[in-house]
Amino acid sequence: MKTTLSTLRRMWLCLALFMAVAGAWAQATQAKYVFYFIGDGMGVNQVNATQTYLAALQGRIGVQPICFTQFPYAALVTTYSATNGVTDSAAAGTALATGRKTKNGALGMLADQQTHVNSVAEWARQAGAAVGVATSVSVDHATPAAFYAHQAGRGSYYNIGQDLVRAGFDFYAGSDFLQPQDPHNAQAPSLYKQCAEAGYAVARGYNDYQRKARRAGKMVLLQTEEASQRQRNALPYAIDRQSADMSLANITRAGIHFLTAKQKNGFFLMVEGGKIDWACHSNDVATVIHEVIDMDEAVRVAYEFYEQHPDETLIVVTADHETGGIVLGRGPYELHTDHLRHQRMSAEAYATHLQTLMDTTGSKPNWEAVKRDLATNWGFGQGVTLSDKQWQRLERAFNKMKEGNAEDKKSLYASLTVLADEARAIMAEQALIGWQSGGHSNGYVPAFAIGAGAEQFHGQIDNTEIPVKIAHAAGWAH
């Protein structure tokens, strides 16, 4: 049967209409607003422990889902670096930021430590989006730095801070700069001065941010100077937080507010829950769980924004690597994560608390006084029943401290007195949770996603795929 000219014309018109509709639909479903959450050290078992703990608080065996685990798309992510089967945060951060593997320790560079590679944050800026990079640790730490810096070594903090200024992103947030002065040149301007000269307002705390945000062209949000005098390298752990301390949820809220006000072509905001990793290095189970919950609260802030812009927002939650090799179960086919509710402060804070107790007591505290303190802050003997051997271990640790012949137990980010270290180890034993090491592992980490382009996140993927998938969802060239 012959096809008439009019029939062909109608077919071409239908095809053109279909292509136009398809193109409009694709454009409408692109992600205009992108949230990228990275839980440093957060493997699948850190997430599982958190949900198991929350269920235990309700008096049941099972899991109580947190916000981000309820996202409709999920994947398992491999994390090895270009040179090591077990990555460090710099190489993992570079992979998550740039889509390229690199050598452990390198930031924004390939393994040759010379070739610069740009990050998804830079791709977003080139596409006209406002850009923010935020963390609960210092703004120049490995994970945030991977999004703006190009350094062969992650420890070059002053140089990394200069890269932060040069990158020129709209919003940065974290505890502080680790090395605001040039260690090799006392006459060089501080990073605070360089930020001001580049047009950044430097806000100290969330209240100061609210005062300065309206008039600021660009923003660096840090904790208060008083908080930095106590600990400049990170915000306090969630379990130790006081009402005046800045939180990751505050930072996320400020980032959304500031980037939205820029009225650019959408925004990209990376938020790192950096102290999950720190607590894992110390094998401090309860503190890990509180840090995961804390990051989830920041994700909830982003999710509230998503609910207002569901067709234009993408939220991705993942991790750079697993830390500690945490295992839920150590012998008996049981878990007692409900015991963790009795721990009132991090092991690190308890070490400081103990030292203060030892130093300020008129006469050195006796063992009975310390037992009462352990009951108050760990629930030992009150809610958590210890064996005779566990009590003996605690008493031996106390006696070593009292006699002044005990060396502190050091992890990557903390130094614990022998008694604080023994307390956190016994709490893990009581919860029936084990640790393989005080370092990183090659365990899978999870990825969760919701929103425009979220369907790309499924199955087993590599960490280098994540920024590429984000760019594809947002239509950013890379």
# chains A, B, ... in the order shown; residues from 1 in each chain; ligands from 1
$ select_by_dssp --residues "segment 255-337 of chain A" --states "helix (DSSP H, G or I)" --output "mmCIF file with N, CA, C and O atoms, in the first residue's frame"
data_model
loop_
_atom_site.group_PDB
_atom_site.id
_atom_site.type_symbol
_atom_site.label_atom_id
_atom_site.label_comp_id
_atom_site.auth_asym_id
_atom_site.auth_seq_id
_atom_site.Cartn_x
_atom_site.Cartn_y
_atom_site.Cartn_z
ATOM 1 N N GLY A 255 22.645 26.993 54.885
ATOM 2 C CA GLY A 255 23.054 26.789 53.493
ATOM 3 C C GLY A 255 21.895 26.940 52.531
ATOM 4 O O GLY A 255 22.013 27.603 51.484
ATOM 5 N N ILE A 256 20.764 26.343 52.853
ATOM 6 C CA ILE A 256 19.577 26.463 51.995
ATOM 7 C C ILE A 256 19.151 27.916 51.908
ATOM 8 O O ILE A 256 18.879 28.443 50.812
ATOM 9 N N HIS A 257 19.096 28.590 53.039
ATOM 10 C CA HIS A 257 18.664 29.982 53.074
ATOM 11 C C HIS A 257 19.581 30.861 52.228
ATOM 12 O O HIS A 257 19.124 31.677 51.405
ATOM 13 N N PHE A 258 20.891 30.684 52.418
ATOM 14 C CA PHE A 258 21.835 31.569 51.732
ATOM 15 C C PHE A 258 21.880 31.290 50.235
ATOM 16 O O PHE A 258 21.871 32.231 49.417
ATOM 17 N N LEU A 259 21.919 30.019 49.858
ATOM 18 C CA LEU A 259 22.027 29.682 48.433
ATOM 19 C C LEU A 259 20.747 30.022 47.675
ATOM 20 O O LEU A 259 20.804 30.451 46.517
ATOM 21 N N THR A 260 19.615 29.844 48.300
ATOM 22 C CA THR A 260 18.350 30.200 47.660
ATOM 23 C C THR A 260 18.280 31.698 47.411
ATOM 24 O O THR A 260 17.784 32.151 46.370
ATOM 25 N N ALA A 261 18.779 32.482 48.352
ATOM 26 C CA ALA A 261 18.744 33.944 48.222
ATOM 27 C C ALA A 261 19.623 34.447 47.083
ATOM 28 O O ALA A 261 19.435 35.580 46.620
ATOM 29 N N LYS A 275 31.969 13.638 61.914
ATOM 30 C CA LYS A 275 32.416 13.020 63.161
ATOM 31 C C LYS A 275 31.874 11.612 63.376
ATOM 32 O O LYS A 275 32.203 10.980 64.391
ATOM 33 N N ILE A 276 31.090 11.101 62.453
ATOM 34 C CA ILE A 276 30.779 9.666 62.488
ATOM 35 C C ILE A 276 32.100 8.903 62.438
ATOM 36 O O ILE A 276 32.344 7.972 63.217
ATOM 37 N N ASP A 277 32.945 9.312 61.543
ATOM 38 C CA ASP A 277 34.272 8.695 61.377
ATOM 39 C C ASP A 277 35.108 8.810 62.645
ATOM 40 O O ASP A 277 35.753 7.853 63.065
ATOM 41 N N TRP A 278 35.101 9.976 63.269
ATOM 42 C CA TRP A 278 35.929 10.192 64.452
ATOM 43 C C TRP A 278 35.509 9.248 65.580
ATOM 44 O O TRP A 278 36.359 8.670 66.264
ATOM 45 N N ALA A 279 34.198 9.117 65.782
ATOM 46 C CA ALA A 279 33.710 8.218 66.832
ATOM 47 C C ALA A 279 34.021 6.770 66.502
ATOM 48 O O ALA A 279 34.306 5.971 67.398
ATOM 49 N N CYS A 280 33.988 6.416 65.218
ATOM 50 C CA CYS A 280 34.342 5.058 64.805
ATOM 51 C C CYS A 280 35.815 4.779 65.045
ATOM 52 O O CYS A 280 36.196 3.677 65.454
ATOM 53 N N HIS A 281 36.677 5.764 64.795
ATOM 54 C CA HIS A 281 38.107 5.584 65.085
ATOM 55 C C HIS A 281 38.326 5.285 66.564
ATOM 56 O O HIS A 281 39.258 4.548 66.920
ATOM 57 N N VAL A 285 30.604 3.285 70.362
ATOM 58 C CA VAL A 285 29.368 2.907 69.670
ATOM 59 C C VAL A 285 28.261 3.935 69.849
ATOM 60 O O VAL A 285 27.629 4.376 68.879
ATOM 61 N N ALA A 286 27.958 4.297 71.093
ATOM 62 C CA ALA A 286 26.847 5.210 71.342
ATOM 63 C C ALA A 286 27.070 6.542 70.644
ATOM 64 O O ALA A 286 26.137 7.129 70.074
ATOM 65 N N THR A 287 28.306 7.024 70.667
ATOM 66 C CA THR A 287 28.606 8.312 70.027
ATOM 67 C C THR A 287 28.440 8.220 68.514
ATOM 68 O O THR A 287 27.948 9.157 67.875
ATOM 69 N N VAL A 288 28.820 7.096 67.929
ATOM 70 C CA VAL A 288 28.604 6.871 66.488
ATOM 71 C C VAL A 288 27.118 7.000 66.164
ATOM 72 O O VAL A 288 26.721 7.701 65.224
ATOM 73 N N ILE A 289 26.300 6.319 66.928
ATOM 74 C CA ILE A 289 24.859 6.304 66.654
ATOM 75 C C ILE A 289 24.266 7.711 66.755
ATOM 76 O O ILE A 289 23.472 8.125 65.899
ATOM 77 N N HIS A 290 24.679 8.463 67.767
ATOM 78 C CA HIS A 290 24.186 9.838 67.896
ATOM 79 C C HIS A 290 24.637 10.708 66.724
ATOM 80 O O HIS A 290 23.904 11.615 66.296
ATOM 81 N N GLU A 291 25.829 10.441 66.181
ATOM 82 C CA GLU A 291 26.301 11.206 65.016
ATOM 83 C C GLU A 291 25.502 10.862 63.761
ATOM 84 O O GLU A 291 25.205 11.740 62.948
ATOM 85 N N VAL A 292 25.140 9.591 63.577
ATOM 86 C CA VAL A 292 24.305 9.216 62.431
ATOM 87 C C VAL A 292 22.932 9.865 62.560
ATOM 88 O O VAL A 292 22.382 10.415 61.579
ATOM 89 N N ILE A 293 22.362 9.838 63.764
ATOM 90 C CA ILE A 293 21.068 10.494 63.987
ATOM 91 C C ILE A 293 21.180 11.981 63.705
ATOM 92 O O ILE A 293 20.289 12.593 63.096
ATOM 93 N N ASP A 294 22.295 12.579 64.117
ATOM 94 C CA ASP A 294 22.501 14.010 63.901
ATOM 95 C C ASP A 294 22.547 14.342 62.416
ATOM 96 O O ASP A 294 21.959 15.346 61.976
ATOM 97 N N MET A 295 23.244 13.513 61.629
ATOM 98 C CA MET A 295 23.264 13.771 60.196
ATOM 99 C C MET A 295 21.879 13.566 59.584
ATOM 100 O O MET A 295 21.463 14.299 58.684
ATOM 101 N N ASP A 296 21.160 12.577 60.091
ATOM 102 C CA ASP A 296 19.811 12.353 59.593
ATOM 103 C C ASP A 296 18.918 13.560 59.858
ATOM 104 O O ASP A 296 18.046 13.888 59.037
ATOM 105 N N GLU A 297 19.123 14.245 60.978
ATOM 106 C CA GLU A 297 18.355 15.454 61.253
ATOM 107 C C GLU A 297 18.673 16.555 60.241
ATOM 108 O O GLU A 297 17.795 17.332 59.853
ATOM 109 N N ALA A 298 19.928 16.611 59.795
ATOM 110 C CA ALA A 298 20.286 17.555 58.739
ATOM 111 C C ALA A 298 19.622 17.156 57.418
ATOM 112 O O ALA A 298 19.147 18.011 56.659
ATOM 113 N N VAL A 299 19.583 15.846 57.146
ATOM 114 C CA VAL A 299 18.891 15.365 55.940
ATOM 115 C C VAL A 299 17.415 15.734 56.001
ATOM 116 O O VAL A 299 16.806 16.099 54.984
ATOM 117 N N ARG A 300 16.814 15.670 57.191
ATOM 118 C CA ARG A 300 15.399 16.031 57.335
ATOM 119 C C ARG A 300 15.152 17.485 56.936
ATOM 120 O O ARG A 300 14.107 17.820 56.382
ATOM 121 N N VAL A 301 16.108 18.359 57.243
ATOM 122 C CA VAL A 301 15.987 19.759 56.832
ATOM 123 C C VAL A 301 15.933 19.842 55.305
ATOM 124 O O VAL A 301 15.113 20.568 54.727
ATOM 125 N N ALA A 302 16.813 19.090 54.639
ATOM 126 C CA ALA A 302 16.804 19.053 53.179
ATOM 127 C C ALA A 302 15.514 18.427 52.659
ATOM 128 O O ALA A 302 14.960 18.862 51.644
ATOM 129 N N TYR A 303 15.029 17.392 53.345
ATOM 130 C CA TYR A 303 13.806 16.719 52.915
ATOM 131 C C TYR A 303 12.602 17.657 53.003
ATOM 132 O O TYR A 303 11.707 17.606 52.143
ATOM 133 N N GLU A 304 12.575 18.520 53.995
ATOM 134 C CA GLU A 304 11.504 19.519 54.082
ATOM 135 C C GLU A 304 11.530 20.434 52.859
ATOM 136 O O GLU A 304 10.484 20.818 52.324
ATOM 137 N N PHE A 305 12.735 20.784 52.407
ATOM 138 C CA PHE A 305 12.859 21.582 51.182
ATOM 139 C C PHE A 305 12.381 20.770 49.978
ATOM 140 O O PHE A 305 11.669 21.286 49.110
ATOM 141 N N TYR A 306 12.757 19.506 49.933
ATOM 142 C CA TYR A 306 12.325 18.625 48.842
ATOM 143 C C TYR A 306 10.795 18.564 48.761
ATOM 144 O O TYR A 306 10.227 18.586 47.663
ATOM 145 N N GLU A 307 10.133 18.495 49.883
ATOM 146 C CA GLU A 307 8.669 18.409 49.883
ATOM 147 C C GLU A 307 8.036 19.640 49.246
ATOM 148 O O GLU A 307 6.939 19.553 48.677
ATOM 149 N N GLN A 308 8.727 20.762 49.298
ATOM 150 C CA GLN A 308 8.224 21.986 48.667
ATOM 151 C C GLN A 308 8.584 22.057 47.184
ATOM 152 O O GLN A 308 7.931 22.768 46.418
ATOM 153 N N THR A 337 21.438 -3.263 72.225
ATOM 154 C CA THR A 337 21.734 -1.864 71.923
ATOM 155 C C THR A 337 20.981 -0.910 72.839
ATOM 156 O O THR A 337 21.357 0.264 72.953
#
$ residues_around --residues "Phe380 of chain A" --least-positions-apart "3" --cutoff "12 Å" --atoms "only C-alpha atoms" --output "PDB file with N, CA, C and O atoms, in the first residue's frame"
ATOM      1  N   HIS A 339      21.174  -0.822  75.910  1.00  0.00           N
ATOM      2  CA  HIS A 339      22.102  -0.396  76.964  1.00  0.00           C
ATOM      3  C   HIS A 339      22.768   0.933  76.619  1.00  0.00           C
ATOM      4  O   HIS A 339      23.161   1.685  77.521  1.00  0.00           O
ATOM      5  N   LEU A 340      22.911   1.213  75.335  1.00  0.00           N
ATOM      6  CA  LEU A 340      23.642   2.404  74.913  1.00  0.00           C
ATOM      7  C   LEU A 340      22.954   3.694  75.349  1.00  0.00           C
ATOM      8  O   LEU A 340      23.592   4.752  75.396  1.00  0.00           O
ATOM      9  N   ARG A 341      21.669   3.615  75.683  1.00  0.00           N
ATOM     10  CA  ARG A 341      20.956   4.826  76.101  1.00  0.00           C
ATOM     11  C   ARG A 341      21.494   5.377  77.416  1.00  0.00           C
ATOM     12  O   ARG A 341      21.266   6.544  77.762  1.00  0.00           O
ATOM     13  N   HIS A 342      22.207   4.548  78.184  1.00  0.00           N
ATOM     14  CA  HIS A 342      22.724   4.984  79.482  1.00  0.00           C
ATOM     15  C   HIS A 342      23.999   5.816  79.358  1.00  0.00           C
ATOM     16  O   HIS A 342      24.409   6.445  80.340  1.00  0.00           O
ATOM     17  N   GLN A 343      24.633   5.800  78.184  1.00  0.00           N
ATOM     18  CA  GLN A 343      25.863   6.575  78.012  1.00  0.00           C
ATOM     19  C   GLN A 343      25.504   8.032  77.780  1.00  0.00           C
ATOM     20  O   GLN A 343      24.828   8.381  76.820  1.00  0.00           O
ATOM     21  N   ARG A 344      25.984   8.913  78.644  1.00  0.00           N
ATOM     22  CA  ARG A 344      25.563  10.311  78.629  1.00  0.00           C
ATOM     23  C   ARG A 344      26.516  11.247  77.896  1.00  0.00           C
ATOM     24  O   ARG A 344      26.175  12.401  77.653  1.00  0.00           O
ATOM     25  N   VAL A 370      34.249   6.861  92.153  1.00  0.00           N
ATOM     26  CA  VAL A 370      34.334   6.673  90.701  1.00  0.00           C
ATOM     27  C   VAL A 370      33.262   5.695  90.221  1.00  0.00           C
ATOM     28  O   VAL A 370      32.679   5.874  89.149  1.00  0.00           O
ATOM     29  N   LYS A 371      32.970   4.667  91.028  1.00  0.00           N
ATOM     30  CA  LYS A 371      31.887   3.743  90.670  1.00  0.00           C
ATOM     31  C   LYS A 371      30.563   4.481  90.551  1.00  0.00           C
ATOM     32  O   LYS A 371      29.773   4.222  89.633  1.00  0.00           O
ATOM     33  N   ARG A 372      30.314   5.414  91.459  1.00  0.00           N
ATOM     34  CA  ARG A 372      29.083   6.204  91.388  1.00  0.00           C
ATOM     35  C   ARG A 372      29.066   7.058  90.128  1.00  0.00           C
ATOM     36  O   ARG A 372      28.019   7.227  89.481  1.00  0.00           O
ATOM     37  N   ASP A 373      30.240   7.590  89.762  1.00  0.00           N
ATOM     38  CA  ASP A 373      30.324   8.408  88.550  1.00  0.00           C
ATOM     39  C   ASP A 373      30.084   7.555  87.307  1.00  0.00           C
ATOM     40  O   ASP A 373      29.416   7.995  86.363  1.00  0.00           O
ATOM     41  N   LEU A 374      30.607   6.344  87.287  1.00  0.00           N
ATOM     42  CA  LEU A 374      30.368   5.431  86.165  1.00  0.00           C
ATOM     43  C   LEU A 374      28.892   5.052  86.078  1.00  0.00           C
ATOM     44  O   LEU A 374      28.344   4.890  84.974  1.00  0.00           O
ATOM     45  N   ALA A 375      28.222   4.926  87.216  1.00  0.00           N
ATOM     46  CA  ALA A 375      26.788   4.641  87.209  1.00  0.00           C
ATOM     47  C   ALA A 375      26.013   5.805  86.615  1.00  0.00           C
ATOM     48  O   ALA A 375      25.079   5.619  85.820  1.00  0.00           O
ATOM     49  N   THR A 376      26.414   7.019  86.969  1.00  0.00           N
ATOM     50  CA  THR A 376      25.722   8.213  86.476  1.00  0.00           C
ATOM     51  C   THR A 376      25.903   8.393  84.976  1.00  0.00           C
ATOM     52  O   THR A 376      24.935   8.688  84.257  1.00  0.00           O
ATOM     53  N   ASN A 377      27.124   8.222  84.478  1.00  0.00           N
ATOM     54  CA  ASN A 377      27.432   8.574  83.090  1.00  0.00           C
ATOM     55  C   ASN A 377      27.435   7.403  82.117  1.00  0.00           C
ATOM     56  O   ASN A 377      27.406   7.618  80.899  1.00  0.00           O
ATOM     57  N   GLY A 383      21.099  -0.267  85.417  1.00  0.00           N
ATOM     58  CA  GLY A 383      20.597  -0.450  84.064  1.00  0.00           C
ATOM     59  C   GLY A 383      21.505  -1.305  83.206  1.00  0.00           C
ATOM     60  O   GLY A 383      21.046  -1.983  82.296  1.00  0.00           O
ATOM     61  N   VAL A 384      22.803  -1.263  83.474  1.00  0.00           N
ATOM     62  CA  VAL A 384      23.779  -2.088  82.760  1.00  0.00           C
ATOM     63  C   VAL A 384      24.517  -2.924  83.792  1.00  0.00           C
ATOM     64  O   VAL A 384      25.336  -2.404  84.563  1.00  0.00           O
ATOM     65  N   THR A 385      24.216  -4.206  83.837  1.00  0.00           N
ATOM     66  CA  THR A 385      24.797  -5.094  84.844  1.00  0.00           C
ATOM     67  C   THR A 385      26.127  -5.648  84.357  1.00  0.00           C
ATOM     68  O   THR A 385      26.189  -6.303  83.316  1.00  0.00           O
ATOM     69  N   LEU A 386      27.186  -5.368  85.099  1.00  0.00           N
ATOM     70  CA  LEU A 386      28.525  -5.813  84.711  1.00  0.00           C
ATOM     71  C   LEU A 386      28.906  -7.093  85.448  1.00  0.00           C
ATOM     72  O   LEU A 386      28.436  -7.369  86.553  1.00  0.00           O
ATOM     73  N   SER A 387      29.796  -7.855  84.833  1.00  0.00           N
ATOM     74  CA  SER A 387      30.358  -9.033  85.492  1.00  0.00           C
ATOM     75  C   SER A 387      31.435  -8.586  86.476  1.00  0.00           C
ATOM     76  O   SER A 387      31.932  -7.444  86.419  1.00  0.00           O
ATOM     77  N   ASP A 388      31.822  -9.488  87.363  1.00  0.00           N
ATOM     78  CA  ASP A 388      32.896  -9.181  88.303  1.00  0.00           C
ATOM     79  C   ASP A 388      34.188  -8.834  87.568  1.00  0.00           C
ATOM     80  O   ASP A 388      34.921  -7.923  87.974  1.00  0.00           O
ATOM     81  N   GLN A 390      34.517  -7.466  84.622  1.00  0.00           N
ATOM     82  CA  GLN A 390      34.430  -6.125  84.035  1.00  0.00           C
ATOM     83  C   GLN A 390      34.640  -5.053  85.098  1.00  0.00           C
ATOM     84  O   GLN A 390      35.336  -4.058  84.858  1.00  0.00           O
ATOM     85  N   TRP A 391      34.076  -5.247  86.289  1.00  0.00           N
ATOM     86  CA  TRP A 391      34.318  -4.294  87.378  1.00  0.00           C
ATOM     87  C   TRP A 391      35.800  -4.276  87.751  1.00  0.00           C
ATOM     88  O   TRP A 391      36.371  -3.209  88.028  1.00  0.00           O
ATOM     89  N   LEU A 394      37.733  -2.184  85.285  1.00  0.00           N
ATOM     90  CA  LEU A 394      37.528  -0.754  85.526  1.00  0.00           C
ATOM     91  C   LEU A 394      38.321  -0.290  86.740  1.00  0.00           C
ATOM     92  O   LEU A 394      38.943   0.785  86.717  1.00  0.00           O
ATOM     93  N   ALA A 423      35.803   1.912  79.804  1.00  0.00           N
ATOM     94  CA  ALA A 423      34.347   2.084  79.887  1.00  0.00           C
ATOM     95  C   ALA A 423      33.693   1.941  78.516  1.00  0.00           C
ATOM     96  O   ALA A 423      32.674   1.247  78.367  1.00  0.00           O
ATOM     97  N   ARG A 424      34.299   2.562  77.501  1.00  0.00           N
ATOM     98  CA  ARG A 424      33.677   2.460  76.173  1.00  0.00           C
ATOM     99  C   ARG A 424      33.799   1.030  75.627  1.00  0.00           C
ATOM    100  O   ARG A 424      32.896   0.550  74.936  1.00  0.00           O
ATOM    101  N   ILE A 426      33.786  -1.764  77.469  1.00  0.00           N
ATOM    102  CA  ILE A 426      32.810  -2.587  78.193  1.00  0.00           C
ATOM    103  C   ILE A 426      31.396  -2.283  77.727  1.00  0.00           C
ATOM    104  O   ILE A 426      30.561  -3.196  77.623  1.00  0.00           O
ATOM    105  N   MET A 427      31.103  -1.037  77.406  1.00  0.00           N
ATOM    106  CA  MET A 427      29.770  -0.719  76.886  1.00  0.00           C
ATOM    107  C   MET A 427      29.513  -1.449  75.569  1.00  0.00           C
ATOM    108  O   MET A 427      28.416  -1.973  75.337  1.00  0.00           O
ATOM    109  N   GLN A 430      28.770  -5.031  76.367  1.00  0.00           N
ATOM    110  CA  GLN A 430      27.419  -5.167  76.916  1.00  0.00           C
ATOM    111  C   GLN A 430      26.350  -5.097  75.817  1.00  0.00           C
ATOM    112  O   GLN A 430      25.337  -5.794  75.866  1.00  0.00           O
TER     113      GLN A 430
END
$ residues_around --residues "segment 121-136 of chain A" --least-positions-apart "4" --cutoff "9 Å" --atoms "only C-alpha atoms" --output "VMD selection string"
chain A and resid 32 to 33 97 to 98 141 143 to 145 147 to 148 167 169 to 175 221 234 to 236 246 to 248 251 to 252 255 to 256 258 to 260 262 to 275 471 474 to 478
$ residues_around --residues "Lys193 of chain A" --least-positions-apart "3" --cutoff "12 Å" --atoms "only C-alpha atoms" --output "list of chain:residue names"
A:Gly161, A:Gln162, A:Val165, A:Pro180, A:Gln181, A:Ala188, A:Pro189, A:Ser190, A:Ala196, A:Glu197, A:Ala198, A:Gly199, A:Tyr200, A:Ala201, A:Val202, A:Val220
$ residues_around --residues "Thr78 of chain A" --least-positions-apart "2" --cutoff "10 Å" --atoms "only C-alpha atoms" --output "ChimeraX atom specification"
/A:75-76,80-81,320-321,442-446,460-464
$ write_last_selection --atoms "all heavy atoms" --output "compact mmCIF listing (two decimals), in the first residue's frame"
# COMPACT_ATOMS: atom_id res chain seq x y z
N ALA A 75 21.68 1.94 46.88
CA ALA A 75 22.75 1.19 46.21
C ALA A 75 23.83 0.85 47.22
O ALA A 75 23.94 1.46 48.28
CB ALA A 75 23.35 2.02 45.07
N LEU A 76 24.64 -0.15 46.87
CA LEU A 76 25.85 -0.46 47.61
C LEU A 76 27.04 0.10 46.83
O LEU A 76 27.12 -0.05 45.60
CB LEU A 76 26.01 -1.97 47.79
CG LEU A 76 25.02 -2.64 48.74
CD1 LEU A 76 25.20 -4.16 48.69
CD2 LEU A 76 25.20 -2.13 50.16
N TYR A 80 37.42 1.56 47.22
CA TYR A 80 38.88 1.47 47.10
C TYR A 80 39.44 2.68 46.35
O TYR A 80 38.76 3.29 45.52
CB TYR A 80 39.27 0.18 46.39
CG TYR A 80 38.64 0.04 45.01
CD1 TYR A 80 39.27 0.53 43.87
CD2 TYR A 80 37.38 -0.56 44.87
CE1 TYR A 80 38.70 0.43 42.62
CE2 TYR A 80 36.79 -0.66 43.62
CZ TYR A 80 37.44 -0.16 42.50
OH TYR A 80 36.86 -0.26 41.26
N SER A 81 40.70 3.03 46.64
CA SER A 81 41.32 4.16 45.95
C SER A 81 42.16 3.68 44.77
O SER A 81 42.23 2.48 44.50
CB SER A 81 42.20 4.96 46.92
OG SER A 81 43.40 4.26 47.20
N ASP A 320 32.01 8.07 52.49
CA ASP A 320 33.29 7.97 51.79
C ASP A 320 33.95 6.61 52.00
O ASP A 320 34.66 6.12 51.13
CB ASP A 320 34.24 9.10 52.20
CG ASP A 320 34.42 9.23 53.70
OD1 ASP A 320 33.75 8.50 54.46
OD2 ASP A 320 35.24 10.07 54.13
N HIS A 321 33.69 6.00 53.15
CA HIS A 321 34.26 4.68 53.47
C HIS A 321 33.65 4.23 54.79
O HIS A 321 32.98 5.02 55.48
CB HIS A 321 35.79 4.73 53.61
CG HIS A 321 36.26 5.81 54.55
ND1 HIS A 321 36.11 5.70 55.92
CD2 HIS A 321 36.82 7.02 54.32
CE1 HIS A 321 36.57 6.80 56.49
NE2 HIS A 321 37.01 7.63 55.54
N ASN A 442 37.40 -1.78 53.90
CA ASN A 442 36.93 -1.78 52.52
C ASN A 442 35.47 -2.23 52.43
O ASN A 442 35.01 -2.67 51.39
CB ASN A 442 37.82 -2.71 51.67
CG ASN A 442 37.53 -2.56 50.18
OD1 ASN A 442 37.17 -1.49 49.71
ND2 ASN A 442 37.66 -3.65 49.44
N GLY A 443 34.75 -2.13 53.53
CA GLY A 443 33.35 -2.53 53.51
C GLY A 443 32.51 -1.65 52.59
O GLY A 443 32.83 -0.48 52.36
N TYR A 444 31.45 -2.24 52.06
CA TYR A 444 30.51 -1.44 51.28
C TYR A 444 29.99 -0.28 52.12
O TYR A 444 29.83 -0.39 53.34
CB TYR A 444 29.28 -2.27 50.89
CG TYR A 444 29.47 -3.25 49.76
CD1 TYR A 444 29.19 -4.60 49.96
CD2 TYR A 444 29.87 -2.84 48.50
CE1 TYR A 444 29.32 -5.52 48.94
CE2 TYR A 444 30.01 -3.75 47.46
CZ TYR A 444 29.74 -5.09 47.69
OH TYR A 444 29.88 -6.00 46.67
N VAL A 445 29.70 0.83 51.46
CA VAL A 445 28.93 1.90 52.08
C VAL A 445 27.63 2.04 51.30
O VAL A 445 27.55 1.66 50.13
CB VAL A 445 29.70 3.24 52.11
CG1 VAL A 445 30.99 3.10 52.90
CG2 VAL A 445 29.98 3.76 50.70
N PRO A 446 26.60 2.59 51.93
CA PRO A 446 25.32 2.72 51.24
C PRO A 446 25.21 4.03 50.49
O PRO A 446 25.94 4.98 50.75
CB PRO A 446 24.31 2.67 52.39
CG PRO A 446 25.05 3.34 53.52
CD PRO A 446 26.49 2.95 53.35
N GLN A 460 24.89 -2.32 42.61
CA GLN A 460 26.25 -2.06 43.08
C GLN A 460 26.90 -1.05 42.17
O GLN A 460 26.93 -1.22 40.95
CB GLN A 460 27.08 -3.34 43.09
CG GLN A 460 28.53 -3.11 43.54
CD GLN A 460 29.37 -4.36 43.50
OE1 GLN A 460 29.00 -5.37 44.07
NE2 GLN A 460 30.50 -4.29 42.79
N ILE A 461 27.43 0.03 42.76
CA ILE A 461 28.09 1.07 41.98
C ILE A 461 29.42 1.41 42.65
O ILE A 461 29.66 1.03 43.80
CB ILE A 461 27.22 2.34 41.84
CG1 ILE A 461 26.92 2.95 43.22
CG2 ILE A 461 25.93 2.03 41.10
CD1 ILE A 461 26.14 4.26 43.16
N ASP A 462 30.26 2.13 41.95
CA ASP A 462 31.51 2.61 42.51
C ASP A 462 31.35 4.05 42.95
O ASP A 462 30.50 4.78 42.42
CB ASP A 462 32.63 2.50 41.48
CG ASP A 462 34.00 2.80 42.08
OD1 ASP A 462 34.44 2.05 42.97
OD2 ASP A 462 34.61 3.81 41.68
N ASN A 463 32.16 4.47 43.91
CA ASN A 463 32.02 5.85 44.39
C ASN A 463 32.25 6.89 43.29
O ASN A 463 31.68 7.99 43.34
CB ASN A 463 32.94 6.12 45.59
CG ASN A 463 34.41 5.80 45.34
OD1 ASN A 463 34.83 5.50 44.22
ND2 ASN A 463 35.21 5.85 46.41
N THR A 464 33.05 6.55 42.27
CA THR A 464 33.29 7.51 41.18
C THR A 464 32.05 7.76 40.33
O THR A 464 31.98 8.77 39.62
CB THR A 464 34.42 7.00 40.27
OG1 THR A 464 34.09 5.68 39.80
CG2 THR A 464 35.75 6.96 41.00
$ decode --residues "segment 278-290 of chain A" --atoms "C-alpha atoms" --output "compact mmCIF listing (two decimals), in the first residue's frame"
# COMPACT_ATOMS: atom_id res chain seq x y z
CA TRP A 278 35.93 10.19 64.45
CA ALA A 279 33.71 8.22 66.83
CA CYS A 280 34.34 5.06 64.80
CA HIS A 281 38.11 5.58 65.09
CA SER A 282 37.57 5.59 68.86
CA ASN A 283 35.25 2.55 68.65
CA ASP A 284 32.67 4.57 70.63
CA VAL A 285 29.37 2.91 69.67
CA ALA A 286 26.85 5.21 71.34
CA THR A 287 28.61 8.31 70.03
CA VAL A 288 28.60 6.87 66.49
CA ILE A 289 24.86 6.30 66.65
CA HIS A 290 24.19 9.84 67.90
